[in-house]
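This report concerns only the one structure given below.
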Amino acid sequence: MSARVIAPRNRGFLYLDSHPGGCQQVVADMWQAVPHPAPAPEDQERPVALVLGSSAGYGLAATIAGLKRAGIRGIGVCFEKAPTERRSATAGWYRTAATADLARQAGADMTWLNGDAFSDGMKDQVADLLAQRYGGRLDYLIYSVAAPRRTDPDNGTAYASVLKPIGAPNRTKTLVFEDGAPLIREVETAPAEGDDIEQTVAVMGGADWERWIDHLADRSLLADGFTTAALSYIGSPLTAAIYRQGTIGAAKGHLEATARTLNERLDKLIGGRAVTSVNGAAVTQSSTAIPSIALYIGLLRGVLGEALVPPIGQLTDLWDQLTGTTPLVLDDDGRVRLDTWELTDDVQAAVADRWHEATTERISDLADLDWFHAEVQRLYGFSVPGIDYHAAVETEIPWPTT
């Protein structure tokens, strides 16, 4: 047994340990937030889905909403670290274990694979499982992979993504916490240089998504009417210079172009389709690393309050559209837009007003910092109501087997 008290220890927005009980409760809360689907005929088979990036952020929300709302079975793929004598497992490890428990209770046949989604080895493992365990067909693929590096399986070239503006330096406000106190600082980020854009596109663009589709199609594993969605983000004009107009934005543009190419191919091949899903702002382990995003989300919550739609609500909407429960609504670029609540003119104007007024002295009046700080902690299983953080908790939670 390896029960111990786990206290939050952090460096900025990065926490060094995660709390198993808190992570389990986060997953349970997300599950409860998903409405039950309408009763399906008893002889109707569950759709088979593959979720890439299933343990965190929007990928976790896609997995939970898919299990409860769409009744999926299938495979979740993520990349998490096991517990050691000195450290807890990563939060995604514990969230996966908790999601697996709920999937079993719901009668869903899910397999959880821990490894590099960029590798051909993982693609082979998934293809073999689909062929041997899930009837040799895949109905849905959700692509939610975010990583700082990717190695091209064809030539072994390692690519690294960067968060940089394009063309000129970007100076912007950002939110940090120093000894627990919120501070507004201005930071300047140098522009992309050399092959920064190409490297970032190689990691965060559509190349790996397309490779997954090619790999599964070559094995004849895509069902008639197969649908795939890659998760994306546009965001506010306030963060555009570092995000949508920066290196990451170039990668997102490539992802969306890939969707259009895949959509044409899949339609001709199997009557299938490919879309990108543009999600709204959320506190995730990825988003908190981007300058200005933390401040923006805190101000957005200050404007919207409970009207801010969490990832689990957005992904429930996505599954409803993908499965035909509600009509699939696409914009002129073929994207599902789950961010309309965020980008209305009145909301953006209100956030912009607060942005220009934001100083260290005033930030507590303008942004919902209590909510933001709690959301960051919840990413690691802390600040979760109902959890006794003074009690010892078992950290040696096994990876789920089925």
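Just remember, in the structure tokens the first chain shown is A, the second B, etc., residues are 1-based per chain, and ligands are 1-based in the order shown.
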Hey, what's within 12 Å of Gln125 of chain A if we count only C-alpha atoms and toss same-chain stuff fewer than 3 positions away? As a PDB file with N, CA, C and O atoms, in the first residue's frame, please?
```pdb
ATOM      1  N   ILE A  75     -12.142   2.652 -27.813  1.00  0.00           N
ATOM      2  CA  ILE A  75     -10.766   2.790 -27.342  1.00  0.00           C
ATOM      3  C   ILE A  75     -10.467   4.242 -26.995  1.00  0.00           C
ATOM      4  O   ILE A  75     -10.809   5.153 -27.749  1.00  0.00           O
ATOM      5  N   GLY A  76      -9.836   4.451 -25.857  1.00  0.00           N
ATOM      6  CA  GLY A  76      -9.289   5.743 -25.475  1.00  0.00           C
ATOM      7  C   GLY A  76      -7.776   5.656 -25.445  1.00  0.00           C
ATOM      8  O   GLY A  76      -7.222   4.699 -24.892  1.00  0.00           O
ATOM      9  N   VAL A  77      -7.110   6.636 -26.044  1.00  0.00           N
ATOM     10  CA  VAL A  77      -5.648   6.662 -26.095  1.00  0.00           C
ATOM     11  C   VAL A  77      -5.145   7.941 -25.448  1.00  0.00           C
ATOM     12  O   VAL A  77      -5.654   9.035 -25.737  1.00  0.00           O
ATOM     13  N   THR A 111     -11.508   0.052 -23.996  1.00  0.00           N
ATOM     14  CA  THR A 111     -10.112  -0.309 -23.786  1.00  0.00           C
ATOM     15  C   THR A 111      -9.305   0.974 -23.681  1.00  0.00           C
ATOM     16  O   THR A 111      -9.525   1.919 -24.447  1.00  0.00           O
ATOM     17  N   TRP A 112      -8.354   1.006 -22.752  1.00  0.00           N
ATOM     18  CA  TRP A 112      -7.580   2.219 -22.490  1.00  0.00           C
ATOM     19  C   TRP A 112      -6.111   1.940 -22.774  1.00  0.00           C
ATOM     20  O   TRP A 112      -5.496   1.082 -22.141  1.00  0.00           O
ATOM     21  N   LEU A 113      -5.551   2.643 -23.722  1.00  0.00           N
ATOM     22  CA  LEU A 113      -4.162   2.453 -24.132  1.00  0.00           C
ATOM     23  C   LEU A 113      -3.329   3.661 -23.723  1.00  0.00           C
ATOM     24  O   LEU A 113      -3.724   4.805 -23.963  1.00  0.00           O
ATOM     25  N   ASN A 114      -2.182   3.390 -23.135  1.00  0.00           N
ATOM     26  CA  ASN A 114      -1.293   4.444 -22.653  1.00  0.00           C
ATOM     27  C   ASN A 114      -0.023   4.445 -23.500  1.00  0.00           C
ATOM     28  O   ASN A 114       0.772   3.507 -23.434  1.00  0.00           O
ATOM     29  N   GLY A 115       0.136   5.478 -24.320  1.00  0.00           N
ATOM     30  CA  GLY A 115       1.315   5.528 -25.169  1.00  0.00           C
ATOM     31  C   GLY A 115       1.262   6.699 -26.131  1.00  0.00           C
ATOM     32  O   GLY A 115       0.357   7.541 -26.062  1.00  0.00           O
ATOM     33  N   ASP A 116       2.218   6.754 -27.026  1.00  0.00           N
ATOM     34  CA  ASP A 116       2.399   7.881 -27.942  1.00  0.00           C
ATOM     35  C   ASP A 116       1.453   7.758 -29.141  1.00  0.00           C
ATOM     36  O   ASP A 116       1.648   6.908 -30.014  1.00  0.00           O
ATOM     37  N   ALA A 117       0.445   8.622 -29.193  1.00  0.00           N
ATOM     38  CA  ALA A 117      -0.514   8.577 -30.295  1.00  0.00           C
ATOM     39  C   ALA A 117       0.126   8.940 -31.627  1.00  0.00           C
ATOM     40  O   ALA A 117      -0.417   8.616 -32.686  1.00  0.00           O
ATOM     41  N   SER A 119       2.861   7.728 -32.757  1.00  0.00           N
ATOM     42  CA  SER A 119       3.668   6.625 -33.271  1.00  0.00           C
ATOM     43  C   SER A 119       2.839   5.668 -34.123  1.00  0.00           C
ATOM     44  O   SER A 119       1.649   5.461 -33.887  1.00  0.00           O
ATOM     45  N   ASP A 120       3.497   5.045 -35.106  1.00  0.00           N
ATOM     46  CA  ASP A 120       2.827   4.017 -35.895  1.00  0.00           C
ATOM     47  C   ASP A 120       2.572   2.764 -35.066  1.00  0.00           C
ATOM     48  O   ASP A 120       1.641   2.005 -35.347  1.00  0.00           O
ATOM     49  N   GLY A 121       3.397   2.538 -34.050  1.00  0.00           N
ATOM     50  CA  GLY A 121       3.163   1.400 -33.174  1.00  0.00           C
ATOM     51  C   GLY A 121       1.815   1.487 -32.484  1.00  0.00           C
ATOM     52  O   GLY A 121       1.098   0.477 -32.364  1.00  0.00           O
ATOM     53  N   MET A 122       1.443   2.685 -32.010  1.00  0.00           N
ATOM     54  CA  MET A 122       0.134   2.852 -31.389  1.00  0.00           C
ATOM     55  C   MET A 122      -0.972   2.695 -32.427  1.00  0.00           C
ATOM     56  O   MET A 122      -2.032   2.113 -32.143  1.00  0.00           O
ATOM     57  N   ASP A 128      -5.320  -3.305 -34.579  1.00  0.00           N
ATOM     58  CA  ASP A 128      -5.467  -4.713 -34.206  1.00  0.00           C
ATOM     59  C   ASP A 128      -6.642  -4.908 -33.254  1.00  0.00           C
ATOM     60  O   ASP A 128      -7.423  -5.863 -33.385  1.00  0.00           O
ATOM     61  N   LEU A 129      -6.769  -3.996 -32.285  1.00  0.00           N
ATOM     62  CA  LEU A 129      -7.887  -4.083 -31.337  1.00  0.00           C
ATOM     63  C   LEU A 129      -9.232  -3.920 -32.039  1.00  0.00           C
ATOM     64  O   LEU A 129     -10.196  -4.645 -31.752  1.00  0.00           O
ATOM     65  N   LEU A 130      -9.313  -2.970 -32.934  1.00  0.00           N
ATOM     66  CA  LEU A 130     -10.561  -2.769 -33.665  1.00  0.00           C
ATOM     67  C   LEU A 130     -10.933  -4.018 -34.448  1.00  0.00           C
ATOM     68  O   LEU A 130     -12.112  -4.414 -34.498  1.00  0.00           O
ATOM     69  N   ALA A 131      -9.939  -4.636 -35.060  1.00  0.00           N
ATOM     70  CA  ALA A 131     -10.199  -5.824 -35.868  1.00  0.00           C
ATOM     71  C   ALA A 131     -10.586  -7.017 -35.007  1.00  0.00           C
ATOM     72  O   ALA A 131     -11.495  -7.785 -35.356  1.00  0.00           O
ATOM     73  N   GLN A 132      -9.929  -7.183 -33.861  1.00  0.00           N
ATOM     74  CA  GLN A 132     -10.098  -8.389 -33.064  1.00  0.00           C
ATOM     75  C   GLN A 132     -11.229  -8.290 -32.043  1.00  0.00           C
ATOM     76  O   GLN A 132     -11.855  -9.300 -31.714  1.00  0.00           O
ATOM     77  N   ARG A 133     -11.483  -7.079 -31.544  1.00  0.00           N
ATOM     78  CA  ARG A 133     -12.408  -6.952 -30.417  1.00  0.00           C
ATOM     79  C   ARG A 133     -13.687  -6.205 -30.757  1.00  0.00           C
ATOM     80  O   ARG A 133     -14.719  -6.425 -30.117  1.00  0.00           O
ATOM     81  N   TRP A 212      -3.657   8.908 -39.083  1.00  0.00           N
ATOM     82  CA  TRP A 212      -4.564   7.970 -38.411  1.00  0.00           C
ATOM     83  C   TRP A 212      -5.643   7.488 -39.382  1.00  0.00           C
ATOM     84  O   TRP A 212      -5.927   6.288 -39.467  1.00  0.00           O
ATOM     85  N   HIS A 215      -4.168   5.169 -41.964  1.00  0.00           N
ATOM     86  CA  HIS A 215      -3.780   3.891 -41.365  1.00  0.00           C
ATOM     87  C   HIS A 215      -5.001   2.984 -41.198  1.00  0.00           C
ATOM     88  O   HIS A 215      -4.960   1.794 -41.532  1.00  0.00           O
ATOM     89  N   LEU A 216      -6.081   3.541 -40.680  1.00  0.00           N
ATOM     90  CA  LEU A 216      -7.287   2.750 -40.428  1.00  0.00           C
ATOM     91  C   LEU A 216      -8.013   2.406 -41.725  1.00  0.00           C
ATOM     92  O   LEU A 216      -8.573   1.314 -41.869  1.00  0.00           O
TER      93      LEU A 216
END
```
For this session: Please return as JSON, numbers by chain: the residues of segment 247-322 of chain A that backbone DSSP assigns to strand (DSSP E).
Result: {"A": [273, 274, 275, 276, 277, 278, 279]}
For this session: Write out as a PyMOL selection string the residues lying within 8 Å of segment 316-320 of chain A, counting only C-alpha atoms and excluding same-chain residues fewer than 3 positions away.
Result: chain A and resi 34+62+65-66+69-70+277+312-313+323-326+336+338
Problem set entry | Contacts of segment 153-160 of chain A within 7 Å, only C-alpha atoms, excl. fewer than 5 positions in-chain, as an NGL selection string | :A and (119-120 or 148 or 199-200 or 202-203)
For this session: Between A:Thr172, A:Leu308, A:Val48, A:Ala82, single out the one closest to Phe226 of chain A, counting only C-alpha atoms.
Result: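 Selected residue with least distance to Phe226 of chain A: A:Val48.
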Show me, as a compact mmCIF listing (two decimals) with N, CA, C and O atoms, in the first residue's frame, the residues that have an atom within 8 Å of Gly381 of chain A when counting only C-alpha atoms, minus same-chain residues fewer than 2 positions from it.
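result-v7.txt written:
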```
# COMPACT_ATOMS: atom_id res chain seq x y z
N SER A 18 -0.70 14.99 -8.16
CA SER A 18 -2.14 15.04 -8.36
C SER A 18 -2.82 14.17 -7.30
O SER A 18 -2.21 13.25 -6.74
N HIS A 19 -4.09 14.45 -7.04
CA HIS A 19 -4.81 13.77 -5.96
C HIS A 19 -5.78 12.76 -6.56
O HIS A 19 -6.72 13.14 -7.28
N PRO A 20 -5.61 11.47 -6.28
CA PRO A 20 -6.47 10.45 -6.89
C PRO A 20 -7.96 10.65 -6.57
O PRO A 20 -8.81 10.54 -7.46
N GLY A 21 -8.26 10.93 -5.30
CA GLY A 21 -9.66 11.10 -4.92
C GLY A 21 -10.29 12.31 -5.57
O GLY A 21 -11.45 12.27 -6.02
N GLY A 22 -9.53 13.40 -5.66
CA GLY A 22 -10.04 14.60 -6.31
C GLY A 22 -10.27 14.38 -7.80
O GLY A 22 -11.28 14.81 -8.36
N CYS A 23 -9.32 13.69 -8.46
CA CYS A 23 -9.48 13.40 -9.89
C CYS A 23 -10.70 12.52 -10.13
O CYS A 23 -11.45 12.72 -11.10
N GLN A 24 -10.91 11.54 -9.26
CA GLN A 24 -12.08 10.68 -9.39
C GLN A 24 -13.37 11.47 -9.27
O GLN A 24 -14.32 11.27 -10.04
N GLN A 25 -13.41 12.42 -8.33
CA GLN A 25 -14.62 13.21 -8.14
C GLN A 25 -14.85 14.16 -9.31
O GLN A 25 -15.99 14.41 -9.71
N VAL A 26 -13.78 14.71 -9.87
CA VAL A 26 -13.91 15.57 -11.06
C VAL A 26 -14.59 14.81 -12.18
O VAL A 26 -15.51 15.30 -12.85
N ALA A 91 -2.35 13.40 -13.30
CA ALA A 91 -3.80 13.50 -13.09
C ALA A 91 -4.56 12.70 -14.13
O ALA A 91 -5.59 12.08 -13.82
N GLN A 377 -6.54 24.26 -9.98
CA GLN A 377 -6.28 23.21 -9.01
C GLN A 377 -7.04 21.93 -9.33
O GLN A 377 -6.53 20.82 -9.14
N ARG A 378 -8.27 22.08 -9.84
CA ARG A 378 -9.08 20.90 -10.17
C ARG A 378 -8.46 20.08 -11.31
O ARG A 378 -8.71 18.88 -11.41
N LEU A 379 -7.64 20.72 -12.13
CA LEU A 379 -6.94 19.96 -13.16
C LEU A 379 -6.08 18.86 -12.56
O LEU A 379 -5.79 17.86 -13.22
N SER A 383 -8.87 21.24 -4.68
CA SER A 383 -9.97 22.21 -4.59
C SER A 383 -11.29 21.61 -5.08
O SER A 383 -12.11 22.30 -5.67
N VAL A 384 -11.47 20.31 -4.81
CA VAL A 384 -12.70 19.62 -5.21
C VAL A 384 -13.58 19.47 -3.98
O VAL A 384 -13.15 18.86 -2.99
```
For this session: Determine which residues of segment 56-112 of chain A DSSP labels as helix (DSSP H, G or I) from the backbone of this structure, then write them out as JSON, numbers by chain.
Result: {"A": [57, 58, 59, 60, 61, 62, 63, 64, 65, 66, 67, 68, 91, 92, 93, 94, 95, 96, 97, 98, 99, 100, 101, 102, 103, 104, 105]}
For this session: Considering only C-alpha atoms, return as a list in words whatever protein or nucleic-acid residues lie within 12 Å of Ser2 of chain A, sequence-local ones (same chain, fewer than 4 positions apart) excluded.
Result: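 The neighbour list is Ile6, Pro83, Thr84, Glu85, Arg86, Arg87, Ser88, Ala89, Ala392, Val393, Glu394, Thr395, Glu396 and Ile397 of chain A.
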Exercise. So which residues touch segment 258-263 of chain A within 12 Å, counting only C-alpha atoms, skipping near sequence neighbours fewer than 2 positions away, as a VMD selection string?
Worked result: chain A and resid 143 201 204 to 214 217 225 to 232 251 to 256 265 to 277 332 to 336
Exercise. So which one's closest to Leu299 of chain A, A:Phe372, A:Tyr140, A:Trp341, A:Tyr233? Using only C-alpha atoms, please.
Worked result: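 Smallest distance to Leu299 of chain A is found for A:Phe372.
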